[in-house]
$ cat my_file-v8.tsv   # TSV, C-alpha atoms
chain	number	residue	atom	x	y	z
A	1	MET	CA	72.64	103.50	259.30
A	2	ALA	CA	69.60	105.72	259.79
A	3	ILE	CA	69.12	107.36	263.18
A	4	VAL	CA	65.59	108.05	264.38
A	5	LYS	CA	64.73	109.22	267.87
A	6	PRO	CA	61.57	109.50	269.95
A	7	PHE	CA	60.53	113.02	270.91
A	8	ALA	CA	58.00	114.74	273.14
A	9	ALA	CA	55.48	115.86	270.55
A	10	LEU	CA	53.20	118.84	270.92
A	11	ARG	CA	49.84	117.42	269.86
A	12	PRO	CA	46.25	118.65	269.52
A	13	GLU	CA	43.66	117.98	272.18
A	14	PRO	CA	41.79	115.05	270.55
A	15	GLY	CA	38.37	116.68	270.61
A	16	LEU	CA	39.74	119.76	268.81
A	17	ALA	CA	42.02	118.05	266.28
A	18	GLN	CA	39.58	118.29	263.40
A	19	ARG	CA	39.41	122.07	263.83
A	20	ILE	CA	43.15	122.52	264.42
A	21	CYS	CA	44.97	120.28	261.92
A	22	GLU	CA	45.35	121.66	258.40
A	23	LEU	CA	46.93	120.89	255.05
A	24	PRO	CA	50.54	122.06	254.53
A	25	TYR	CA	51.26	125.74	254.02
A	26	ASP	CA	52.57	125.24	250.47
A	27	VAL	CA	49.56	123.61	248.82
A	28	MET	CA	47.33	126.69	248.98
A	29	SER	CA	47.46	130.42	248.37
A	30	SER	CA	47.10	133.00	251.11
A	31	GLU	CA	43.59	133.79	249.92
A	32	GLU	CA	42.59	130.13	249.97
A	33	ALA	CA	44.01	129.87	253.50
A	34	ARG	CA	41.95	132.92	254.60
A	35	GLN	CA	38.80	131.27	253.33
A	36	ILE	CA	39.57	127.92	254.98
A	37	ALA	CA	40.41	129.47	258.35
A	38	ALA	CA	37.55	131.99	258.37
A	39	GLY	CA	35.60	131.75	261.60
A	40	ASN	CA	37.95	129.15	263.07
A	41	PRO	CA	40.50	130.68	265.47
A	42	LEU	CA	41.86	127.18	266.17
A	43	SER	CA	42.90	126.56	262.55
A	44	PHE	CA	46.64	125.93	262.36
A	45	LEU	CA	46.73	128.11	259.25
A	46	HIS	CA	46.96	131.02	261.69
A	47	VAL	CA	50.41	129.57	262.51
A	48	SER	CA	51.56	128.09	259.19
A	49	LYS	CA	50.25	130.97	257.03
A	50	PRO	CA	49.99	133.81	259.56
A	51	GLU	CA	49.72	136.46	256.86
A	52	ILE	CA	45.99	135.63	256.86
A	53	ASP	CA	45.72	137.64	260.09
A	54	LEU	CA	47.42	140.70	258.58
A	55	PRO	CA	46.32	143.09	255.81
A	56	PRO	CA	46.10	141.34	252.41
A	57	ALA	CA	48.88	143.51	250.93
A	58	THR	CA	51.40	142.32	253.55
A	59	ASP	CA	54.59	140.77	252.17
A	60	VAL	CA	54.40	137.09	253.20
A	61	TYR	CA	58.11	137.23	254.08
A	62	ALA	CA	57.82	140.32	256.28
A	63	PRO	CA	59.08	140.06	259.90
A	64	GLU	CA	55.62	140.76	261.27
A	65	VAL	CA	54.30	137.63	259.54
A	66	TYR	CA	56.65	135.36	261.47
A	67	ALA	CA	55.96	137.29	264.68
A	68	LYS	CA	52.23	136.78	264.17
A	69	GLY	CA	52.82	133.07	263.62
A	70	ARG	CA	54.68	132.83	266.93
A	71	GLU	CA	51.93	134.78	268.70
A	72	ASN	CA	49.23	132.47	267.32
A	73	PHE	CA	51.26	129.36	268.13
A	74	GLN	CA	51.79	130.44	271.73
A	75	ARG	CA	48.08	131.24	272.04
A	76	LEU	CA	47.11	127.68	271.03
A	77	ILE	CA	49.56	126.34	273.61
A	78	ALA	CA	48.31	128.68	276.34
A	79	GLN	CA	44.75	127.61	275.61
A	80	ARG	CA	45.91	123.97	275.87
A	81	ALA	CA	44.50	123.29	272.44
A	82	LEU	CA	48.02	121.97	271.81
A	83	ARG	CA	49.71	120.01	274.59
A	84	GLN	CA	53.21	118.60	274.84
A	85	ASP	CA	53.77	115.01	275.91
A	86	PRO	CA	55.69	114.61	279.20
A	87	GLN	CA	58.50	112.54	277.70
A	88	PRO	CA	59.81	111.33	274.32
A	89	TYR	CA	57.72	108.82	272.41
A	90	PHE	CA	57.45	107.45	268.91
A	91	TYR	CA	54.07	107.73	267.16
A	92	LEU	CA	52.26	106.05	264.29
A	93	TYR	CA	50.21	108.08	261.83
A	94	ARG	CA	47.74	106.39	259.49
A	95	GLN	CA	45.93	108.12	256.65
A	96	VAL	CA	43.02	106.66	254.71
A	97	MET	CA	42.04	108.29	251.44
A	98	GLY	CA	39.32	106.37	249.64
A	99	LYS	CA	40.68	102.86	249.16
A	100	HIS	CA	44.26	103.91	249.82
A	101	ARG	CA	45.83	103.70	253.27
A	102	GLN	CA	49.35	104.35	254.52
A	103	THR	CA	50.86	104.19	257.99
A	104	GLY	CA	54.08	105.95	258.89
A	105	LEU	CA	56.37	106.28	261.88
A	106	VAL	CA	56.49	109.76	263.40
A	107	ALA	CA	60.01	110.37	264.65
A	108	ALA	CA	62.81	112.89	265.00
A	109	ALA	CA	65.17	112.29	262.08
A	110	SER	CA	68.83	113.29	262.18
A	111	CYS	CA	70.08	116.54	260.63
A	112	GLU	CA	73.54	114.95	260.49
A	113	ASP	CA	72.07	112.09	258.45
A	114	TYR	CA	70.60	114.66	256.06
A	115	LEU	CA	73.91	116.49	255.70
A	116	LYS	CA	75.85	113.23	255.20
A	117	GLY	CA	73.45	111.91	252.55
A	118	ILE	CA	72.12	109.03	254.63
A	119	ILE	CA	68.79	110.78	254.15
A	120	ARG	CA	68.72	111.07	250.40
A	121	LYS	CA	67.14	113.82	248.34
A	122	HIS	CA	66.10	114.06	244.71
A	123	GLU	CA	65.17	117.73	244.23
A	124	LEU	CA	66.93	121.08	244.22
A	125	THR	CA	65.74	123.70	246.69
A	126	ARG	CA	65.19	127.42	246.25
A	127	PRO	CA	67.07	129.73	248.63
A	128	ASP	CA	64.07	132.00	249.18
A	129	LYS	CA	61.88	129.07	250.23
A	130	GLU	CA	64.62	127.70	252.48
A	131	ASP	CA	64.98	131.11	254.09
A	132	ASP	CA	61.24	131.26	254.72
A	133	ARG	CA	61.22	127.89	256.52
A	134	VAL	CA	64.31	128.85	258.55
A	135	ARG	CA	62.57	132.03	259.74
A	136	HIS	CA	59.41	130.08	260.55
A	137	ILE	CA	61.28	127.47	262.61
A	138	GLU	CA	63.24	130.13	264.45
A	139	ALA	CA	60.19	132.28	265.16
A	140	LEU	CA	58.34	129.33	266.68
A	141	ASP	CA	61.35	127.46	268.12
A	142	ALA	CA	59.57	124.48	266.65
A	143	GLN	CA	59.10	122.44	263.49
A	144	THR	CA	55.41	122.19	262.74
A	145	GLY	CA	55.42	120.83	259.19
A	146	PRO	CA	56.73	117.25	258.98
A	147	VAL	CA	59.12	116.03	256.31
A	148	PHE	CA	57.64	113.08	254.37
A	149	LEU	CA	60.28	110.32	254.34
A	150	VAL	CA	60.30	106.83	252.85
A	151	TYR	CA	62.12	103.65	253.84
A	152	ALA	CA	62.48	100.32	252.06
A	153	ALA	CA	59.62	98.24	253.43
A	154	ASN	CA	60.46	95.21	255.57
A	155	GLN	CA	58.39	92.49	257.24
A	156	ALA	CA	59.61	93.17	260.78
A	157	MET	CA	58.33	96.75	260.74
A	158	ASP	CA	55.14	95.72	258.94
A	159	LYS	CA	54.37	93.19	261.69
A	160	PHE	CA	55.19	95.66	264.47
A	161	VAL	CA	52.99	98.39	262.97
A	162	ALA	CA	50.11	95.97	262.42
A	163	GLY	CA	50.21	95.01	266.09
A	164	LYS	CA	50.35	98.57	267.40
A	165	THR	CA	47.57	99.85	265.14
A	166	ALA	CA	45.28	97.10	266.42
A	167	GLU	CA	45.38	98.87	269.80
A	168	PRO	CA	43.16	101.86	270.71
A	169	ALA	CA	44.13	105.06	268.93
A	170	ALA	CA	45.11	108.30	270.68
A	171	LEU	CA	43.56	110.45	267.94
A	172	ASP	CA	41.11	109.74	265.13
A	173	PHE	CA	39.25	112.19	262.92
A	174	THR	CA	38.13	112.68	259.34
A	175	ALA	CA	39.03	115.99	257.71
A	176	SER	CA	36.74	118.03	255.51
A	177	ASP	CA	38.33	116.54	252.38
A	178	GLY	CA	37.32	113.04	253.48
A	179	VAL	CA	40.81	111.87	254.47
A	180	ARG	CA	40.87	110.01	257.79
A	181	HIS	CA	43.78	110.67	260.17
A	182	THR	CA	44.57	108.32	263.05
A	183	ALA	CA	47.48	108.38	265.52
A	184	TRP	CA	48.92	105.99	268.09
A	185	VAL	CA	51.50	106.63	270.80
A	186	ILE	CA	54.40	104.20	271.25
A	187	ALA	CA	55.45	104.77	274.86
A	188	ASP	CA	56.75	101.36	275.93
A	189	THR	CA	60.50	100.90	276.26
A	190	ALA	CA	60.50	97.68	274.23
A	191	GLY	CA	58.65	99.30	271.32
A	192	ILE	CA	60.95	102.32	271.29
A	193	HIS	CA	64.04	100.10	271.36
A	194	PHE	CA	62.66	97.91	268.56
A	195	ILE	CA	62.10	100.90	266.29
A	196	GLU	CA	65.53	102.41	266.93
A	197	THR	CA	67.16	99.05	266.25
A	198	GLU	CA	65.23	98.32	263.07
A	199	PHE	CA	65.95	101.73	261.58
A	200	SER	CA	69.64	101.48	262.51
A	201	ARG	CA	69.77	98.58	260.04
A	202	LEU	CA	68.54	100.73	257.15
A	203	PRO	CA	71.31	102.23	255.03
A	204	HIS	CA	69.17	105.12	253.81
A	205	LEU	CA	65.95	107.06	254.15
A	206	TYR	CA	64.51	109.04	251.24
A	207	ILE	CA	62.81	112.42	251.11
A	208	ALA	CA	59.51	112.07	249.30
A	209	ASP	CA	58.18	115.54	250.09
A	210	GLY	CA	59.66	118.31	252.21
A	211	HIS	CA	63.06	119.17	250.72
A	212	HIS	CA	62.82	122.79	251.88
A	213	ARG	CA	61.73	121.79	255.40
A	214	SER	CA	64.63	119.37	255.82
A	215	ALA	CA	67.17	121.80	254.35
A	216	ALA	CA	65.91	124.54	256.66
A	217	ALA	CA	66.09	122.25	259.70
A	218	ALA	CA	69.70	121.42	258.84
A	219	ARG	CA	70.56	125.10	258.58
A	220	VAL	CA	69.00	125.82	261.99
A	221	PHE	CA	70.93	122.86	263.43
A	222	GLN	CA	74.22	124.23	262.08
A	223	LYS	CA	73.46	127.76	263.23
A	224	ARG	CA	72.51	126.65	266.75
A	225	LYS	CA	75.28	124.06	266.91
A	226	GLY	CA	72.76	121.41	267.95
A	227	ALA	CA	71.45	123.36	270.95
A	228	GLY	CA	68.23	122.04	272.46
A	229	GLU	CA	66.54	119.60	270.10
A	230	SER	CA	67.72	121.33	266.92
A	231	ALA	CA	69.84	118.34	265.87
A	232	SER	CA	66.68	116.52	264.78
A	233	PHE	CA	63.75	117.33	262.53
A	234	LEU	CA	60.10	116.33	262.49
A	235	SER	CA	59.39	113.50	260.07
A	236	VAL	CA	56.82	110.88	259.16
A	237	ILE	CA	58.49	107.83	257.62
A	238	PHE	CA	56.46	105.47	255.42
A	239	PRO	CA	57.31	102.10	253.84
A	240	HIS	CA	57.91	102.62	250.15
A	241	ASN	CA	55.26	100.12	249.03
A	242	GLN	CA	52.45	102.14	250.61
A	243	MET	CA	53.11	105.31	248.64
A	244	GLN	CA	50.49	106.88	246.39
A	245	ILE	CA	52.10	109.12	243.81
A	246	LEU	CA	49.95	111.18	241.49
A	247	PRO	CA	51.19	112.92	238.34
A	248	TYR	CA	52.30	116.53	238.22
A	249	ASN	CA	50.74	117.82	235.01
A	250	ARG	CA	51.77	120.77	232.82
A	251	VAL	CA	49.83	123.63	231.25
A	252	LEU	CA	51.35	125.99	228.67
A	253	LYS	CA	50.29	129.56	228.05
A	254	ASP	CA	51.04	129.62	224.31
A	255	LEU	CA	52.12	127.43	221.40
A	256	ASN	CA	55.34	129.37	220.80
A	257	GLY	CA	54.12	130.69	217.45
A	258	MET	CA	52.94	127.30	216.15
A	259	SER	CA	49.44	126.46	215.02
A	260	PRO	CA	47.82	123.38	216.60
A	261	GLU	CA	48.40	121.50	213.34
A	262	GLN	CA	52.09	122.46	213.27
A	263	LEU	CA	52.53	121.36	216.87
A	264	LEU	CA	50.97	117.96	216.20
A	265	GLU	CA	53.12	117.51	213.12
A	266	LYS	CA	56.30	118.21	215.09
A	267	LEU	CA	55.21	115.87	217.89
A	268	THR	CA	54.97	112.95	215.45
A	269	GLY	CA	58.76	112.87	215.41
A	270	VAL	CA	58.74	111.73	219.05
A	271	PHE	CA	55.33	110.17	219.61
A	272	ASP	CA	52.77	107.88	218.05
A	273	ILE	CA	49.61	109.97	218.33
A	274	THR	CA	46.02	108.77	218.70
A	275	CYS	CA	43.12	111.21	218.39
A	276	PRO	CA	40.68	111.23	220.00
A	277	GLY	CA	42.71	109.97	222.92
A	278	ALA	CA	42.42	109.48	226.68
A	279	ALA	CA	42.77	112.20	229.27
A	280	THR	CA	44.60	109.91	231.70
A	281	PRO	CA	47.69	107.94	230.61
A	282	THR	CA	47.56	104.26	231.54
A	283	ARG	CA	51.27	103.41	231.58
A	284	LYS	CA	54.79	104.82	231.59
A	285	HIS	CA	55.85	106.57	228.36
A	286	GLU	CA	52.25	107.50	227.56
A	287	LEU	CA	51.08	111.11	227.84
A	288	GLY	CA	47.88	113.01	227.23
A	289	LEU	CA	47.75	116.25	225.24
A	290	TYR	CA	44.70	118.53	225.54
A	291	LEU	CA	44.61	120.76	222.49
A	292	GLY	CA	41.72	122.22	220.52
A	293	ARG	CA	39.19	120.98	223.11
A	294	GLN	CA	40.09	117.33	222.62
A	295	TRP	CA	42.53	114.84	224.10
A	296	HIS	CA	45.32	113.20	222.15
A	297	THR	CA	47.20	110.13	223.42
A	298	LEU	CA	50.96	110.42	222.89
A	299	ARG	CA	53.07	107.25	223.10
A	300	VAL	CA	56.82	107.81	223.19
A	301	ARG	CA	58.59	106.06	220.31
A	302	SER	CA	61.00	103.35	221.48
A	303	PRO	CA	64.27	105.03	220.37
A	304	PHE	CA	63.60	107.78	222.91
A	305	THR	CA	63.11	105.39	225.84
A	306	ALA	CA	66.32	103.39	225.45
A	307	ALA	CA	68.46	105.41	227.88
A	308	THR	CA	70.22	103.57	230.72
A	309	ASP	CA	70.09	106.48	233.19
A	310	THR	CA	66.79	106.31	235.12
A	311	ILE	CA	66.40	110.10	235.06
A	312	ASP	CA	66.49	110.08	231.26
A	313	THR	CA	63.66	107.52	231.10
A	314	LEU	CA	61.24	109.58	233.25
A	315	ASP	CA	58.28	110.92	231.32
A	316	VAL	CA	58.82	114.38	232.83
A	317	THR	CA	62.38	114.29	231.45
A	318	LEU	CA	61.28	113.09	228.00
A	319	LEU	CA	58.64	115.81	227.86
A	320	GLN	CA	61.18	118.46	228.83
A	321	GLN	CA	63.97	117.30	226.50
A	322	HIS	CA	61.92	116.51	223.41
A	323	VAL	CA	58.94	118.87	223.66
A	324	LEU	CA	59.16	121.76	226.11
A	325	GLN	CA	62.69	122.87	225.29
A	326	PRO	CA	62.93	122.30	221.51
A	327	LEU	CA	59.33	123.09	220.56
A	328	PHE	CA	58.23	125.60	223.20
A	329	SER	CA	61.63	127.17	223.96
A	330	ILE	CA	61.20	126.51	227.69
A	331	ALA	CA	64.76	125.79	228.80
A	332	ASP	CA	64.15	126.10	232.55
A	333	PRO	CA	60.62	125.27	233.72
A	334	ARG	CA	61.53	126.51	237.22
A	335	THR	CA	61.78	130.10	236.01
A	336	SER	CA	59.67	130.24	232.84
A	337	LYS	CA	56.47	132.28	233.10
A	338	ARG	CA	54.94	130.37	230.18
A	339	ILE	CA	54.42	127.09	232.01
A	340	ASN	CA	52.52	126.10	235.14
A	341	PHE	CA	52.14	122.87	237.06
A	342	VAL	CA	48.93	121.26	238.24
A	343	GLY	CA	48.97	118.58	240.94
A	344	GLY	CA	47.28	115.33	239.99
A	345	ILE	CA	44.83	115.64	242.89
A	346	ARG	CA	42.99	118.27	240.81
A	347	GLY	CA	42.34	115.77	238.01
A	348	THR	CA	42.41	116.20	234.25
A	349	ALA	CA	39.15	118.17	234.35
A	350	GLU	CA	41.18	121.03	235.83
A	351	LEU	CA	43.47	120.92	232.79
A	352	GLU	CA	40.49	121.12	230.45
A	353	LYS	CA	39.06	124.02	232.44
A	354	LEU	CA	42.31	126.01	232.27
A	355	VAL	CA	42.72	125.51	228.53
A	356	ASN	CA	39.05	126.06	227.68
A	357	SER	CA	39.15	129.36	229.59
A	358	GLY	CA	41.69	130.69	227.13
A	359	GLN	CA	44.22	131.29	229.86
A	360	TYR	CA	46.35	128.42	228.54
A	361	ALA	CA	46.88	127.03	225.06
A	362	CYS	CA	47.38	123.34	225.81
A	363	ALA	CA	47.99	120.86	228.62
A	364	PHE	CA	49.99	117.67	229.09
A	365	SER	CA	48.84	114.93	231.48
A	366	LEU	CA	51.42	112.41	232.67
A	367	PHE	CA	51.64	108.94	234.15
A	368	PRO	CA	52.88	109.08	237.78
A	369	THR	CA	56.58	108.66	238.52
A	370	SER	CA	57.18	105.45	240.49
A	371	ILE	CA	58.63	105.39	244.00
A	372	GLU	CA	61.17	102.83	242.77
A	373	ASP	CA	62.46	105.28	240.15
A	374	LEU	CA	62.65	108.02	242.79
A	375	MET	CA	64.71	105.82	245.13
A	376	THR	CA	67.01	104.66	242.32
A	377	ILE	CA	67.69	108.26	241.28
A	378	ALA	CA	68.28	109.37	244.87
A	379	ASP	CA	70.70	106.47	245.44
A	380	ALA	CA	72.66	107.59	242.39
A	381	GLY	CA	72.81	111.17	243.67
A	382	GLY	CA	70.60	112.35	240.84
A	383	ILE	CA	68.25	115.32	240.76
A	384	MET	CA	64.83	114.82	239.22
A	385	PRO	CA	63.22	117.46	237.02
A	386	PRO	CA	61.07	119.98	238.92
A	387	LYS	CA	57.54	118.94	239.81
A	388	SER	CA	58.07	115.25	239.08
A	389	THR	CA	55.88	113.86	241.86
A	390	TRP	CA	52.73	114.71	243.78
A	391	PHE	CA	52.20	112.60	246.90
A	392	GLU	CA	48.73	112.05	248.32
A	393	PRO	CA	47.35	112.22	250.89
A	394	LYS	CA	49.20	115.20	252.34
A	395	LEU	CA	50.39	115.11	255.94
A	396	ARG	CA	48.36	117.40	258.19
A	397	ASP	CA	50.21	120.16	260.02
A	398	ALA	CA	49.75	120.22	263.83
A	399	MET	CA	49.13	116.50	264.16
A	400	PHE	CA	52.62	116.53	265.69
A	401	CYS	CA	54.97	119.45	266.39
A	402	HIS	CA	58.65	119.12	267.32
A	403	MET	CA	59.72	121.65	269.94
A	404	ILE	CA	63.41	122.40	269.49
A	405	GLY	CA	63.67	124.80	272.43
A	406	PRO	CA	64.80	128.41	272.59
A	407	ASP	CA	67.99	129.51	270.88
A	408	VAL	CA	70.12	129.52	274.01
A	409	ALA	CA	73.15	130.64	272.02
A	410	GLY	CA	71.36	133.85	271.12
A	411	THR	CA	72.02	133.44	267.41
A	412	LYS	CA	68.44	133.83	266.23
$ encode --input "my_file-v8.tsv" --output "structure tokens"
Amino acid sequence: MAIVKPFAALRPEPGLAQRICELPYDVMSSEEARQIAAGNPLSFLHVSKPEIDLPPATDVYAPEVYAKGRENFQRLIAQRALRQDPQPYFYLYRQVMGKHRQTGLVAAASCEDYLKGIIRKHELTRPDKEDDRVRHIEALDAQTGPVFLVYAANQAMDKFVAGKTAEPAALDFTASDGVRHTAWVIADTAGIHFIETEFSRLPHLYIADGHHRSAAAARVFQKRKGAGESASFLSVIFPHNQMQILPYNRVLKDLNGMSPEQLLEKLTGVFDITCPGAATPTRKHELGLYLGRQWHTLRVRSPFTAATDTIDTLDVTLLQQHVLQPLFSIADPRTSKRINFVGGIRGTAELEKLVNSGQYACAFSLFPTSIEDLMTIADAGGIMPPKSTWFEPKLRDAMFCHMIGPDVAGTK
């Protein structure tokens, strides 16, 4: 069963939320963060990317970066721009992005559940990124970036959420990117009990986004032996049928010694090719290739889609196994310097721009991975290829912070 608990969130003063809450630390560069936060001392980027307040040459993993983050965090609290609720509550968090809307439960998820596999993952993590999040949590004694979790949708929770979101909101603002963020507080005993009971019936939760955050929280929990509130981690948990997954596209720096004509000839062994084609694939097993300033539509031939393992039927897997490795000699896209990844939020125009600039030789656009495939793979203990999914909209940092308390054991 899945354990979720209410917690006393540190939340922005409603009138300042639009200036405080920011996109996650890992979707922008330090320079982009400097530009976004310029002239806004309330921006949470001063906490989540505190290197922006230090000289540009500063190593982002230097001790003074984490110390600056703690200093900026404590300043926002002292100014009462961020205020902690007096007792534990659950919260609801709705995001509206164009015609898409999703509403999740904000709760403290269990580190034990993560370690036992009740909270299921589908990606590998990098030690350096885990270490960074551990240092950030320990510097702040708080988790400020929520883990994006998913649960199998059910009617009881749908009905409960619909009722609560019909009540007045505690927080409501529209960010500069046009995404609307609304929050409700669930303070009544009956509501809290209902949520705990409903989630206790779920066999699993699934990490959609935030593998490094959850892994880091589990490490802090183990190190502190559960002291304070370190046994739980900040999460927003959405029903699976409300997810919006965008593709994670690929751009390649060279053609590995092939001419464009040679590449297309080799690709005919795997794909039926239409040229001119569409920039955006319309279904699974259809890809776009931008080469020579035009789009080609690639449809995977049926023999290559007959695998029974869900991982082997993913388009990102087919692209890796039949194109990137054999034709481009890219065995490990995690470490190769000849490939880059472009989140679907940037659109296919970004792929055209990168290739037309001469910086890249070609680009592949993909059809989004489905949430059902993600859950099936996670249930089987599988690991998806890197950069398989891009979830939108992104959860805003500082909407809710989970204070885990000082390290009373002195192990920091």
$ closest_residue --input "my_file-v8.tsv" --among "A:Ala33, A:Ala166, A:Ala278, A:Ala218" --to "Glu112 (chain A)" --atoms "only C-alpha atoms"
A:Ala218
$ residues_around --input "my_file-v8.tsv" --residues "region 270-274 of chain A" --least-positions-apart "6" --cutoff "7 Å" --atoms "all atoms listed in the file" --output "PyMOL selection string"
chain A and resi 296-301
$ residues_around --input "my_file-v8.tsv" --residues "Pro368 (chain A)" --least-positions-apart "2" --cutoff "8 Å" --atoms "only C-alpha atoms" --output "ChimeraX atom specification"
/A:245-248,284,366,370,389
$ atom_distance --input "my_file-v8.tsv" --atom1 "CA of Ala107 (chain A)" --atom2 "CA of Thr144 (chain A)"
12.8 Å
$ residues_around --input "my_file-v8.tsv" --residues "Phe7 (chain A)" --least-positions-apart "5" --cutoff "8 Å" --atoms "only C-alpha atoms" --output "number ranges by chain"
A: 87-90, 107-108, 402
$ closest_residue --input "my_file-v8.tsv" --among "A:Arg34, A:His285, A:Lys387, A:His204" --to "Ser48 (chain A)" --atoms "only C-alpha atoms"
A:Arg34
$ atom_distance --input "my_file-v8.tsv" --atom1 "CA of Arg219 (chain A)" --atom2 "CA of Leu115 (chain A)"
9.7 Å
$ residues_near_point --input "my_file-v8.tsv" --point "(45.9, 116.2, 244.3)" --cutoff "8 Å" --atoms "only C-alpha atoms" --output "list in words"
Leu246, Gly343, Gly344, Ile345, Arg346, Gly347, Trp390, Phe391, Glu392 and Pro393 of chain A
$ residues_around --input "my_file-v8.tsv" --residues "Lys121 (chain A)" --least-positions-apart "4" --cutoff "8 Å" --atoms "only C-alpha atoms" --output "PyMOL selection string"
chain A and resi 117+206-208+211+378+381+383
$ write_last_selection --input "my_file-v8.tsv" --atoms "C-alpha atoms" --output "mmCIF file, in the coordinates of the input"
data_model
loop_
_atom_site.group_PDB
_atom_site.id
_atom_site.type_symbol
_atom_site.label_atom_id
_atom_site.label_comp_id
_atom_site.auth_asym_id
_atom_site.auth_seq_id
_atom_site.Cartn_x
_atom_site.Cartn_y
_atom_site.Cartn_z
ATOM 1 C CA GLY A 117 73.450 111.910 252.550
ATOM 2 C CA TYR A 206 64.510 109.040 251.240
ATOM 3 C CA ILE A 207 62.810 112.420 251.110
ATOM 4 C CA ALA A 208 59.510 112.070 249.300
ATOM 5 C CA HIS A 211 63.060 119.170 250.720
ATOM 6 C CA ALA A 378 68.280 109.370 244.870
ATOM 7 C CA GLY A 381 72.810 111.170 243.670
ATOM 8 C CA ILE A 383 68.250 115.320 240.760
#
$ atom_distance --input "my_file-v8.tsv" --atom1 "CA of Leu140 (chain A)" --atom2 "CA of Ala215 (chain A)"
16.9 Å
$ closest_residue --input "my_file-v8.tsv" --among "A:Phe173, A:Phe328, A:Trp295, A:Phe194" --to "Arg94 (chain A)" --atoms "all atoms listed in the file"
A:Phe173
$ residues_around --input "my_file-v8.tsv" --residues "Ala183 (chain A)" --least-positions-apart "2" --cutoff "8 Å" --atoms "all atoms listed in the file" --output "ChimeraX atom specification"
/A:91-94,169-172,181,185
$ residues_near_point --input "my_file-v8.tsv" --point "(54.6, 127.3, 235.7)" --cutoff "12 Å" --atoms "all atoms listed in the file" --output "PyMOL selection string"
chain A and resi 248-253+324+330+332-343+360+363+386-387
$ axis_aligned_box --input "my_file-v8.tsv" --around "region 155-166 of chain A" --padding-each-side "6 Å" --output "AutoDock Vina command-line options"
--center_x 52.4 --center_y 96.2 --center_z 262.3 --size_x 26.3 --size_y 19.4 --size_z 22.2
$ closest_residue --input "my_file-v8.tsv" --among "A:Lys68, A:Lys223, A:Arg19, A:Lys159" --to "Pro50 (chain A)" --atoms "all atoms listed in the file"
A:Lys68
$ closest_residue --input "my_file-v8.tsv" --among "A:Thr317, A:Gln95, A:Ser302, A:Thr310" --to "Ala380 (chain A)" --atoms "all atoms listed in the file"
A:Thr310
